[in-house]
>>> print(open('data_37.cif').read())   # mmCIF, C-alpha atoms
data_target
loop_
_atom_site.label_atom_id
_atom_site.label_comp_id
_atom_site.auth_asym_id
_atom_site.auth_seq_id
_atom_site.Cartn_x
_atom_site.Cartn_y
_atom_site.Cartn_z
CA MET H 1 15.01 26.52 1.17
CA LYS H 2 17.17 23.53 2.08
CA ILE H 3 16.91 20.10 3.67
CA VAL H 4 18.74 20.31 6.99
CA SER H 5 18.08 16.89 8.52
CA ILE H 6 16.83 13.41 7.62
CA GLU H 7 16.01 11.15 10.57
CA SER H 8 14.74 7.59 10.35
CA TYR H 9 13.05 5.47 12.98
CA VAL H 10 12.42 1.74 13.19
CA LEU H 11 9.09 1.19 14.93
CA THR H 12 8.12 -2.17 16.42
CA ASP H 13 4.84 -3.42 17.85
CA LYS H 14 4.53 -6.90 19.31
CA LEU H 15 1.19 -8.43 18.38
CA LYS H 16 -1.20 -9.88 20.93
CA GLU H 17 -1.89 -12.76 18.56
CA SER H 18 0.12 -13.93 15.56
CA PHE H 19 -1.61 -14.19 12.21
CA TYR H 20 -0.64 -16.14 9.11
CA PHE H 21 -0.80 -16.00 5.34
CA SER H 22 0.39 -18.39 2.67
CA GLN H 23 4.09 -17.82 3.35
CA TRP H 24 4.64 -17.36 7.11
CA GLY H 25 3.23 -15.81 10.24
CA TYR H 26 3.44 -12.33 11.74
CA SER H 27 4.20 -11.96 15.44
CA GLU H 28 5.07 -8.26 15.26
CA ARG H 29 4.71 -5.23 13.00
CA LYS H 30 7.97 -3.44 12.21
CA ILE H 31 8.14 -0.37 9.97
CA CYS H 32 10.73 2.26 9.08
CA ILE H 33 9.53 5.86 8.88
CA VAL H 34 11.53 8.97 7.99
CA LYS H 35 11.31 12.59 9.10
CA ILE H 36 12.72 15.34 6.85
CA THR H 37 13.17 18.87 8.17
CA SER H 38 13.81 22.02 6.14
CA ASP H 39 15.62 25.16 7.26
CA SER H 40 12.19 26.84 7.40
CA GLY H 41 11.20 24.46 10.20
CA HIS H 42 8.70 22.50 8.11
CA ILE H 43 8.62 18.72 8.52
CA GLY H 44 7.62 15.90 6.19
CA TRP H 45 6.99 12.27 7.08
CA GLY H 46 7.49 9.22 4.86
CA GLU H 47 7.45 5.43 5.16
CA GLY H 48 9.18 2.50 3.47
CA TYR H 49 7.62 -0.90 2.82
CA GLY H 50 9.82 -3.89 3.61
CA PRO H 51 12.50 -4.91 6.15
CA ALA H 52 12.65 -1.89 8.43
CA GLY H 53 16.28 -2.15 9.51
CA VAL H 54 17.54 -2.48 5.96
CA ILE H 55 15.40 0.46 4.82
CA LYS H 56 16.83 2.58 7.64
CA ALA H 57 20.34 1.70 6.45
CA GLY H 58 19.32 2.66 2.91
CA ILE H 59 18.02 6.03 4.06
CA GLU H 60 21.29 6.65 5.87
CA HIS H 61 23.20 5.75 2.70
CA ILE H 62 21.18 8.20 0.58
CA THR H 63 21.08 11.06 3.11
CA PRO H 64 24.49 12.67 2.31
CA PHE H 65 23.55 13.06 -1.35
CA ILE H 66 20.41 15.10 -0.74
CA LEU H 67 21.14 17.14 2.38
CA GLY H 68 21.17 20.80 1.36
CA GLN H 69 18.87 20.24 -1.61
CA ASN H 70 15.69 22.27 -2.06
CA PRO H 71 12.89 20.02 -0.70
CA LEU H 72 10.36 21.56 -3.09
CA GLU H 73 12.25 20.10 -6.06
CA THR H 74 10.91 16.57 -5.63
CA GLU H 75 11.70 15.37 -9.16
CA THR H 76 15.25 16.73 -9.01
CA ILE H 77 15.88 14.98 -5.70
CA TRP H 78 14.27 11.78 -6.98
CA GLY H 79 16.68 11.84 -9.92
CA ILE H 80 19.66 12.23 -7.58
CA MET H 81 18.54 9.29 -5.47
CA TYR H 82 17.89 7.17 -8.54
CA ARG H 83 21.31 7.85 -10.07
CA ARG H 84 23.09 7.25 -6.77
CA THR H 85 21.47 3.83 -6.37
CA LEU H 86 21.04 2.71 -10.00
CA ASP H 87 24.06 0.41 -10.13
CA PHE H 88 22.85 -1.77 -7.27
CA ALA H 89 19.23 -0.95 -6.45
CA ARG H 90 17.03 -0.99 -9.53
CA ARG H 91 14.85 -3.44 -7.64
CA GLY H 92 14.31 -4.28 -4.00
CA VAL H 93 14.56 -2.83 -0.56
CA LEU H 94 16.83 0.14 -1.26
CA MET H 95 14.10 1.46 -3.55
CA SER H 96 11.87 1.43 -0.46
CA ALA H 97 14.33 3.86 1.14
CA VAL H 98 14.01 6.12 -1.92
CA SER H 99 10.23 5.80 -1.64
CA ALA H 100 10.15 6.77 2.03
CA ILE H 101 12.20 9.90 1.39
CA ASP H 102 10.10 10.83 -1.64
CA VAL H 103 6.81 10.53 0.27
CA ALA H 104 8.24 12.67 3.08
CA LEU H 105 9.27 15.34 0.58
CA TRP H 106 5.74 15.52 -0.86
CA ASP H 107 4.35 15.86 2.65
CA LEU H 108 6.85 18.62 3.43
CA LYS H 109 6.18 20.43 0.16
CA GLY H 110 2.46 20.46 0.85
CA LYS H 111 3.02 21.99 4.25
CA VAL H 112 5.35 24.65 2.87
CA LEU H 113 2.82 25.60 0.16
CA ASN H 114 -0.19 25.05 2.46
CA LEU H 115 -1.76 22.65 -0.05
CA PRO H 116 -2.85 19.01 0.14
CA VAL H 117 -0.67 16.54 -1.76
CA TYR H 118 -3.47 15.64 -4.17
CA GLN H 119 -3.46 19.23 -5.44
CA LEU H 120 0.31 19.11 -5.90
CA LEU H 121 -0.13 15.90 -7.91
CA GLY H 122 -2.53 17.68 -10.26
CA GLY H 123 -5.85 17.99 -8.53
CA LYS H 124 -8.82 16.14 -7.09
CA LYS H 125 -10.52 13.86 -9.62
CA ARG H 126 -13.06 12.33 -7.24
CA GLU H 127 -14.69 13.23 -3.97
CA TYR H 128 -14.78 9.73 -2.50
CA ILE H 129 -12.70 6.54 -2.50
CA LEU H 130 -14.07 3.05 -1.89
CA PRO H 131 -11.86 1.43 0.77
CA TYR H 132 -11.77 -2.34 0.93
CA ALA H 133 -10.98 -4.17 4.16
CA THR H 134 -7.85 -6.30 4.02
CA GLY H 135 -8.01 -9.02 6.62
CA LEU H 136 -9.27 -12.58 6.77
CA TYR H 137 -5.83 -14.01 7.40
CA PHE H 138 -5.30 -17.41 8.96
CA ALA H 139 -5.44 -16.19 12.56
CA ASN H 140 -4.47 -19.52 14.08
CA GLY H 141 -2.39 -20.88 11.23
CA ASN H 142 -4.68 -23.75 10.31
CA GLY H 143 -7.11 -23.91 13.22
CA GLU H 144 -10.12 -26.15 13.41
CA ASN H 145 -12.50 -23.23 13.85
CA LEU H 146 -11.07 -21.14 11.02
CA SER H 147 -14.23 -21.21 8.89
CA LYS H 148 -16.33 -19.87 11.75
CA GLU H 149 -13.71 -17.23 12.65
CA LEU H 150 -13.38 -16.04 9.05
CA ALA H 151 -17.15 -15.82 8.60
CA GLU H 152 -17.50 -13.76 11.80
CA GLU H 153 -14.66 -11.46 10.79
CA ALA H 154 -16.12 -10.94 7.31
CA ALA H 155 -19.54 -10.17 8.76
CA SER H 156 -17.96 -7.63 11.12
CA TYR H 157 -16.53 -5.71 8.14
CA VAL H 158 -19.98 -5.58 6.55
CA ALA H 159 -21.39 -4.28 9.83
CA LEU H 160 -18.75 -1.52 9.80
CA GLY H 161 -19.98 -0.44 6.38
CA TYR H 162 -17.31 -1.91 4.11
CA LYS H 163 -18.62 -2.66 0.64
CA ALA H 164 -15.58 -4.76 -0.35
CA MET H 165 -12.99 -6.96 1.32
CA LYS H 166 -10.00 -9.13 0.51
CA MET H 167 -9.25 -12.54 1.99
CA LYS H 168 -6.15 -14.68 2.00
CA VAL H 169 -5.89 -17.99 0.18
CA GLY H 170 -2.98 -20.37 -0.14
CA LEU H 171 -3.60 -23.06 2.47
CA GLY H 172 -4.43 -25.62 -0.21
CA ILE H 173 -6.97 -25.58 -3.00
CA ASP H 174 -9.70 -27.58 -1.26
CA LYS H 175 -9.43 -25.50 1.92
CA ASP H 176 -9.36 -22.28 -0.08
CA ILE H 177 -12.53 -23.19 -1.92
CA ALA H 178 -14.32 -24.00 1.35
CA TYR H 179 -13.22 -20.72 2.95
CA VAL H 180 -14.21 -18.64 -0.09
CA LYS H 181 -17.64 -20.27 -0.09
CA CYS H 182 -17.98 -19.67 3.65
CA ILE H 183 -17.11 -15.98 3.41
CA ARG H 184 -19.33 -15.35 0.39
CA GLU H 185 -22.25 -16.83 2.29
CA ALA H 186 -21.40 -14.65 5.31
CA ILE H 187 -21.28 -11.36 3.39
CA GLY H 188 -23.99 -11.95 0.82
CA PRO H 189 -23.98 -11.23 -2.92
CA ASP H 190 -23.67 -7.43 -2.85
CA VAL H 191 -20.26 -7.05 -1.17
CA LYS H 192 -17.19 -7.28 -3.39
CA LEU H 193 -14.80 -10.11 -2.51
CA MET H 194 -11.16 -10.45 -3.62
CA ILE H 195 -8.68 -13.25 -2.95
CA ASP H 196 -4.91 -12.99 -2.46
CA ALA H 197 -2.57 -15.99 -2.64
CA ASN H 198 0.69 -14.08 -2.06
CA HIS H 199 2.20 -16.15 -4.90
CA ALA H 200 1.57 -19.49 -3.16
CA TYR H 201 0.64 -21.51 -6.26
CA ASN H 202 2.09 -22.75 -9.51
CA LEU H 203 0.21 -22.16 -12.74
CA ARG H 204 -1.68 -25.46 -12.72
CA GLU H 205 -2.86 -24.92 -9.15
CA ALA H 206 -3.81 -21.29 -9.78
CA ILE H 207 -5.93 -22.27 -12.78
CA SER H 208 -7.66 -24.96 -10.75
CA LEU H 209 -8.46 -22.60 -7.88
CA ALA H 210 -9.61 -19.80 -10.16
CA LYS H 211 -12.02 -22.03 -12.04
CA ALA H 212 -13.39 -23.45 -8.79
CA VAL H 213 -14.19 -20.06 -7.21
CA GLU H 214 -15.51 -18.23 -10.29
CA GLU H 215 -19.06 -18.97 -9.13
CA TYR H 216 -18.49 -16.87 -5.99
CA ASP H 217 -18.13 -13.62 -7.96
CA ILE H 218 -14.48 -12.83 -7.18
CA SER H 219 -13.53 -9.26 -8.09
CA TRP H 220 -9.86 -10.14 -8.54
CA PHE H 221 -7.30 -12.87 -7.86
CA GLU H 222 -4.19 -11.20 -6.45
CA GLU H 223 -0.66 -12.59 -6.82
CA PRO H 224 -1.82 -16.10 -7.75
CA ILE H 225 1.70 -17.20 -8.79
CA SER H 226 5.28 -16.01 -8.35
CA PRO H 227 5.88 -12.51 -9.77
CA GLU H 228 8.78 -13.75 -11.91
CA TYR H 229 6.51 -15.71 -14.26
CA TYR H 230 5.02 -13.04 -16.52
CA ASP H 231 4.03 -15.47 -19.28
CA GLN H 232 2.27 -17.72 -16.80
CA TYR H 233 0.27 -14.75 -15.51
CA ALA H 234 -0.79 -14.05 -19.08
CA GLU H 235 -1.79 -17.68 -19.59
CA LEU H 236 -3.82 -17.69 -16.37
CA ARG H 237 -5.67 -14.57 -17.51
CA ASN H 238 -6.79 -16.44 -20.60
CA LYS H 239 -8.13 -19.37 -18.57
CA THR H 240 -10.34 -17.64 -16.02
CA SER H 241 -13.03 -14.99 -15.99
CA ILE H 242 -11.64 -13.58 -12.72
CA PRO H 243 -9.50 -10.45 -13.21
CA ILE H 244 -5.86 -11.01 -12.29
CA ALA H 245 -4.02 -8.48 -10.10
CA GLY H 246 -0.36 -8.07 -9.23
CA GLY H 247 2.55 -5.70 -8.99
CA GLU H 248 3.31 -5.18 -5.31
CA CYS H 249 6.66 -6.90 -5.98
CA GLU H 250 7.48 -4.68 -8.98
CA TYR H 251 9.73 -1.64 -8.81
CA LEU H 252 9.85 1.52 -10.87
CA ARG H 253 8.06 2.19 -14.15
CA PHE H 254 10.52 -0.12 -15.88
CA GLY H 255 9.33 -3.14 -13.91
CA PHE H 256 5.72 -2.22 -14.59
CA GLN H 257 6.47 -1.84 -18.29
CA THR H 258 7.53 -5.50 -18.32
CA LEU H 259 4.40 -6.49 -16.42
CA LEU H 260 2.13 -4.56 -18.78
CA LYS H 261 3.84 -5.51 -22.05
CA SER H 262 3.43 -9.18 -21.20
CA ASN H 263 -0.36 -8.76 -20.71
CA SER H 264 0.06 -10.30 -17.28
CA VAL H 265 -2.58 -8.48 -15.25
CA ASP H 266 -5.94 -6.75 -15.40
CA ILE H 267 -5.08 -4.61 -12.35
CA VAL H 268 -1.64 -3.25 -11.39
CA GLN H 269 -0.83 -2.78 -7.71
CA PRO H 270 2.26 -0.65 -7.11
CA ASP H 271 3.15 -0.04 -3.48
CA ILE H 272 3.88 3.69 -3.23
CA CYS H 273 6.23 3.10 -0.28
CA ALA H 274 8.33 0.59 -2.23
CA THR H 275 8.17 1.23 -5.96
CA GLY H 276 9.65 4.74 -5.96
CA GLY H 277 7.34 6.95 -3.92
CA LEU H 278 4.64 9.27 -5.18
CA THR H 279 6.92 10.69 -7.87
CA GLU H 280 7.34 7.30 -9.54
CA ALA H 281 3.81 6.09 -8.78
CA LYS H 282 2.51 9.01 -10.84
CA ARG H 283 4.61 7.81 -13.79
CA ILE H 284 3.42 4.22 -13.32
CA ALA H 285 -0.18 5.45 -13.39
CA THR H 286 0.47 7.18 -16.71
CA LEU H 287 2.05 3.99 -18.06
CA ALA H 288 -0.93 1.90 -16.93
CA SER H 289 -3.27 4.31 -18.69
CA VAL H 290 -1.34 3.77 -21.93
CA TYR H 291 -2.15 0.07 -21.66
CA GLY H 292 -5.71 0.65 -20.46
CA VAL H 293 -5.09 -1.27 -17.24
CA GLU H 294 -6.69 -0.41 -13.89
CA LEU H 295 -4.54 0.61 -10.93
CA VAL H 296 -5.23 -0.10 -7.25
CA PRO H 297 -2.19 0.52 -5.02
CA HIS H 298 -0.99 -2.06 -2.55
CA THR H 299 -1.06 -0.38 0.88
CA TRP H 300 0.38 -1.82 4.09
CA GLY H 301 1.77 0.05 7.06
CA THR H 302 1.05 3.14 9.13
CA GLY H 303 -1.25 6.07 8.54
CA ILE H 304 1.54 7.65 6.51
CA ALA H 305 1.26 4.97 3.81
CA ILE H 306 -2.54 5.07 3.97
CA ALA H 307 -2.60 8.84 3.50
CA ALA H 308 -0.12 8.69 0.62
CA ALA H 309 -2.32 6.13 -1.15
CA ALA H 310 -5.47 8.18 -0.54
CA HIS H 311 -3.97 11.34 -2.07
CA PHE H 312 -2.61 9.36 -5.01
CA ILE H 313 -5.95 7.67 -5.73
CA THR H 314 -7.81 10.98 -5.40
CA ASN H 315 -5.70 12.25 -8.31
CA LEU H 316 -5.94 9.12 -10.51
CA ASP H 317 -7.53 9.47 -13.93
CA THR H 318 -10.63 7.38 -14.53
CA ILE H 319 -10.18 5.50 -17.79
CA PRO H 320 -12.39 5.32 -19.72
CA GLY H 321 -14.21 8.50 -18.83
CA ARG H 322 -18.01 8.30 -18.68
CA LEU H 323 -21.02 9.88 -17.05
CA ASN H 324 -21.06 7.41 -14.15
CA SER H 325 -17.40 6.66 -13.50
CA ALA H 326 -16.32 3.42 -11.86
CA GLU H 327 -15.41 3.64 -8.19
CA CYS H 328 -11.71 3.80 -7.35
CA MET H 329 -10.75 1.34 -4.64
CA MET H 330 -8.15 1.59 -1.90
CA GLU H 331 -6.69 -1.06 0.37
CA HIS H 332 -7.48 -0.57 4.07
CA ASP H 333 -5.61 -3.06 6.26
CA ARG H 334 -7.66 -4.19 9.26
CA THR H 335 -5.19 -6.58 10.91
CA GLU H 336 -3.82 -5.81 14.36
CA ASN H 337 -1.39 -2.91 14.06
CA GLY H 338 -0.69 -0.51 16.91
CA LEU H 339 1.68 1.44 14.68
CA ARG H 340 -1.14 2.23 12.27
CA ASP H 341 -3.65 3.01 14.99
CA GLN H 342 -1.51 5.08 17.36
CA LEU H 343 1.28 6.77 15.41
CA THR H 344 -0.86 9.11 13.33
CA SER H 345 -4.20 10.86 13.43
CA THR H 346 -6.06 12.43 10.54
CA ASN H 347 -9.22 14.30 9.68
CA MET H 348 -9.88 11.90 6.80
CA THR H 349 -13.15 10.12 7.44
CA ILE H 350 -14.89 6.93 6.33
CA LYS H 351 -18.66 7.35 6.17
CA ASN H 352 -21.19 4.98 4.66
CA GLY H 353 -18.37 2.84 3.33
CA TYR H 354 -16.51 5.65 1.53
CA LEU H 355 -13.35 7.57 2.42
CA GLU H 356 -13.23 11.35 2.04
CA LEU H 357 -10.05 13.42 2.21
CA THR H 358 -9.79 16.82 3.83
CA ASP H 359 -7.87 19.81 2.51
CA GLU H 360 -5.21 19.67 5.25
CA PRO H 361 -1.76 20.57 3.89
CA GLY H 362 0.66 17.83 2.94
CA LEU H 363 -0.57 14.31 3.60
CA GLY H 364 -2.98 15.62 6.22
CA ILE H 365 -1.59 13.49 9.04
CA PHE H 366 -0.55 14.41 12.57
CA ILE H 367 2.24 12.47 14.29
CA ASN H 368 1.73 11.34 17.89
CA GLU H 369 5.12 11.94 19.48
CA ASP H 370 4.36 9.74 22.46
CA ALA H 371 3.62 6.84 20.12
CA LEU H 372 6.82 7.54 18.18
CA ILE H 373 8.81 7.26 21.38
CA LYS H 374 6.84 4.23 22.56
CA PHE H 375 7.41 2.18 19.42
CA SER H 376 10.97 3.29 18.60
CA SER H 377 14.30 3.27 20.36
CA CYS H 378 14.68 7.06 20.23
CA ASP H 379 15.73 8.94 23.36
CA LYS H 380 12.69 9.26 25.61
CA GLY H 381 14.06 12.50 26.97
CA LYS H 382 14.26 14.14 23.56
CA ARG H 383 11.23 15.78 21.95
CA THR H 384 11.40 15.23 18.21
CA ILE H 385 8.50 17.14 16.69
CA ASP H 386 8.04 20.86 16.38
CA THR H 387 4.83 22.84 16.13
CA ILE H 388 4.71 22.75 12.30
CA ARG H 389 4.24 18.95 12.29
#
>>> encode(input="data_37.cif", output="structure tokens")
Amino acid sequence: MKIVSIESYVLTDKLKESFYFSQWGYSERKICIVKITSDSGHIGWGEGYGPAGVIKAGIEHITPFILGQNPLETETIWGIMYRRTLDFARRGVLMSAVSAIDVALWDLKGKVLNLPVYQLLGGKKREYILPYATGLYFANGNGENLSKELAEEAASYVALGYKAMKMKVGLGIDKDIAYVKCIREAIGPDVKLMIDANHAYNLREAISLAKAVEEYDISWFEEPISPEYYDQYAELRNKTSIPIAGGECEYLRFGFQTLLKSNSVDIVQPDICATGGLTEAKRIATLASVYGVELVPHTWGTGIAIAAAAHFITNLDTIPGRLNSAECMMEHDRTENGLRDQLTSTNMTIKNGYLELTDEPGLGIFINEDALIKFSSCDKGKRTIDTIR
């Protein structure tokens, strides 16, 4: 069996309303996805996290080195991609191109073998995953009615059955405290609440905010400070009772080794579509287990990324093992995203606040060709998907 084609698409969706976080605003969602086809006619789909146009260029750079390879040999192909990019891409967006290809290969392999990806990764270790709603951005930048809007949004997630959610902070410590208090009051004491600063604060500010919101039972404080400052992360951990999370800006197991050796975080958050794909995420999970640190992937994008995270989490070891194991959480972005909502469909279901996978082969996703054409610049007269998905 051989890889006969690798095609990438940049998909764009203009948002009806911009939303903001601590760094800037979003007026559109733009994502690069990749389609890999084997000479057997099987197709795999992958996705890269980051600047879509640059990721597409990265995929095109890597393509000549892996065309003709056996798509079932995911580790062999990963090694080729790694060696071909090592001199200039140990970190950053080109690794997202590697990740997109790797995820697509796992999807393709599952379809060839008629097995779900979680079985290829080693098996199902849990029946259910606890998804948490990611939302609660600053919808109007810094609007006067933001407290009311955030409270209503948070309450809507509870009404949908979510048992956990993550909000953005980073508008300023006093405002953050007020918004955290507002949301906690809106959702009550039994729903988990996390905060994410997207590295908006320096160490002094992060300590101040953490101490101020400890009373609101925060499950973790994500990216409180810039990811370069490992020692400061470690110092912050020692000055708050709130668990510290980070890692979406790390790449490969080597970056996570630095993060873990410095005792920087209680929870590591690799993005499967950026840090090296499922092949490398599996290695990062093993490394995290060596340090006894929890892992909750960062997930942002289309249904491809969501499915990849779900299969990965289904296979994660629970450490420590015990009769009543802790629930494994998964990020579930709820912001406006037509790419996520229209590009793929799946038989995965969320019931009573928990996500359950099916045994569909590969990632268990179905691509909507009309949506692919709608959101990309591909030829509207050309059909791109065969009957094997």
>>> resolve_selection(input="data_37.cif", expression="the PyMOL selection byres ((chain H and resi 39-46) around 9)", output="JSON, numbers by chain")
{"H": [1, 2, 3, 4, 5, 32, 33, 34, 35, 36, 37, 38, 47, 48, 99, 100, 101, 102, 103, 104, 105, 106, 107, 108, 109, 110, 111, 112, 273, 304, 305, 308, 362, 363, 365, 367, 385, 386, 387, 388, 389]}
>>> resolve_selection(input="data_37.cif", expression="the PyMOL selection byres ((chain H and resi 167-170) around 6)", output="number ranges by chain")
H: 22, 135-137, 166, 171-172, 176, 195-197, 200
>>> closest_residue(input="data_37.cif", among="H:Ala206, H:Ala326, H:Ala371, H:Val213", to="Glu235 of chain H", atoms="all atoms listed in the file")
H:Ala206
>>> resolve_selection(input="data_37.cif", expression="the PyMOL selection byres ((chain H and resi 343) around 9)", output="NGL selection string")
:H and (302-304 or 338-342 or 344-345 or 366-372 or 375)
>>> atom_distance(input="data_37.cif", atom1="atom CA of Phe21 of chain H", atom2="atom CA of Thr335 of chain H")
11.8 Å
>>> residues_around(input="data_37.cif", residues="segment 53-66 of chain H", least_positions_apart="5", cutoff="8 Å", atoms="all atoms listed in the file", output="list of chain:residue names")
H:Ile3, H:Ile6, H:Ser8, H:Tyr9, H:Val10, H:Cys32, H:Gly48, H:Ile77, H:Ile80, H:Met81, H:Arg84, H:Val93, H:Leu94, H:Ser96, H:Ala97, H:Val98, H:Ile101
>>> residues_around(input="data_37.cif", residues="Asp217 of chain H", least_positions_apart="5", cutoff="9 Å", atoms="only C-alpha atoms", output="PDB file with C-alpha atoms, in the coordinates of the input")
ATOM      1  CA  ARG H 184     -19.330 -15.350   0.390  1.00  0.00           C
ATOM      2  CA  PRO H 189     -23.980 -11.230  -2.920  1.00  0.00           C
ATOM      3  CA  LYS H 192     -17.190  -7.280  -3.390  1.00  0.00           C
ATOM      4  CA  LEU H 193     -14.800 -10.110  -2.510  1.00  0.00           C
ATOM      5  CA  MET H 194     -11.160 -10.450  -3.620  1.00  0.00           C
ATOM      6  CA  ILE H 242     -11.640 -13.580 -12.720  1.00  0.00           C
TER       7      ILE H 242
END
>>> residues_around(input="data_37.cif", residues="Leu295 of chain H", least_positions_apart="3", cutoff="10 Å", atoms="all atoms listed in the file", output="list of chain:residue names")
H:Ala245, H:Gly246, H:Gly247, H:Asp266, H:Ile267, H:Val268, H:Gln269, H:Pro270, H:Ile284, H:Ala285, H:Ala288, H:Ser289, H:Gly292, H:His298, H:Ile313, H:Leu316, H:Asp317, H:Thr318, H:Cys328, H:Met329, H:Met330
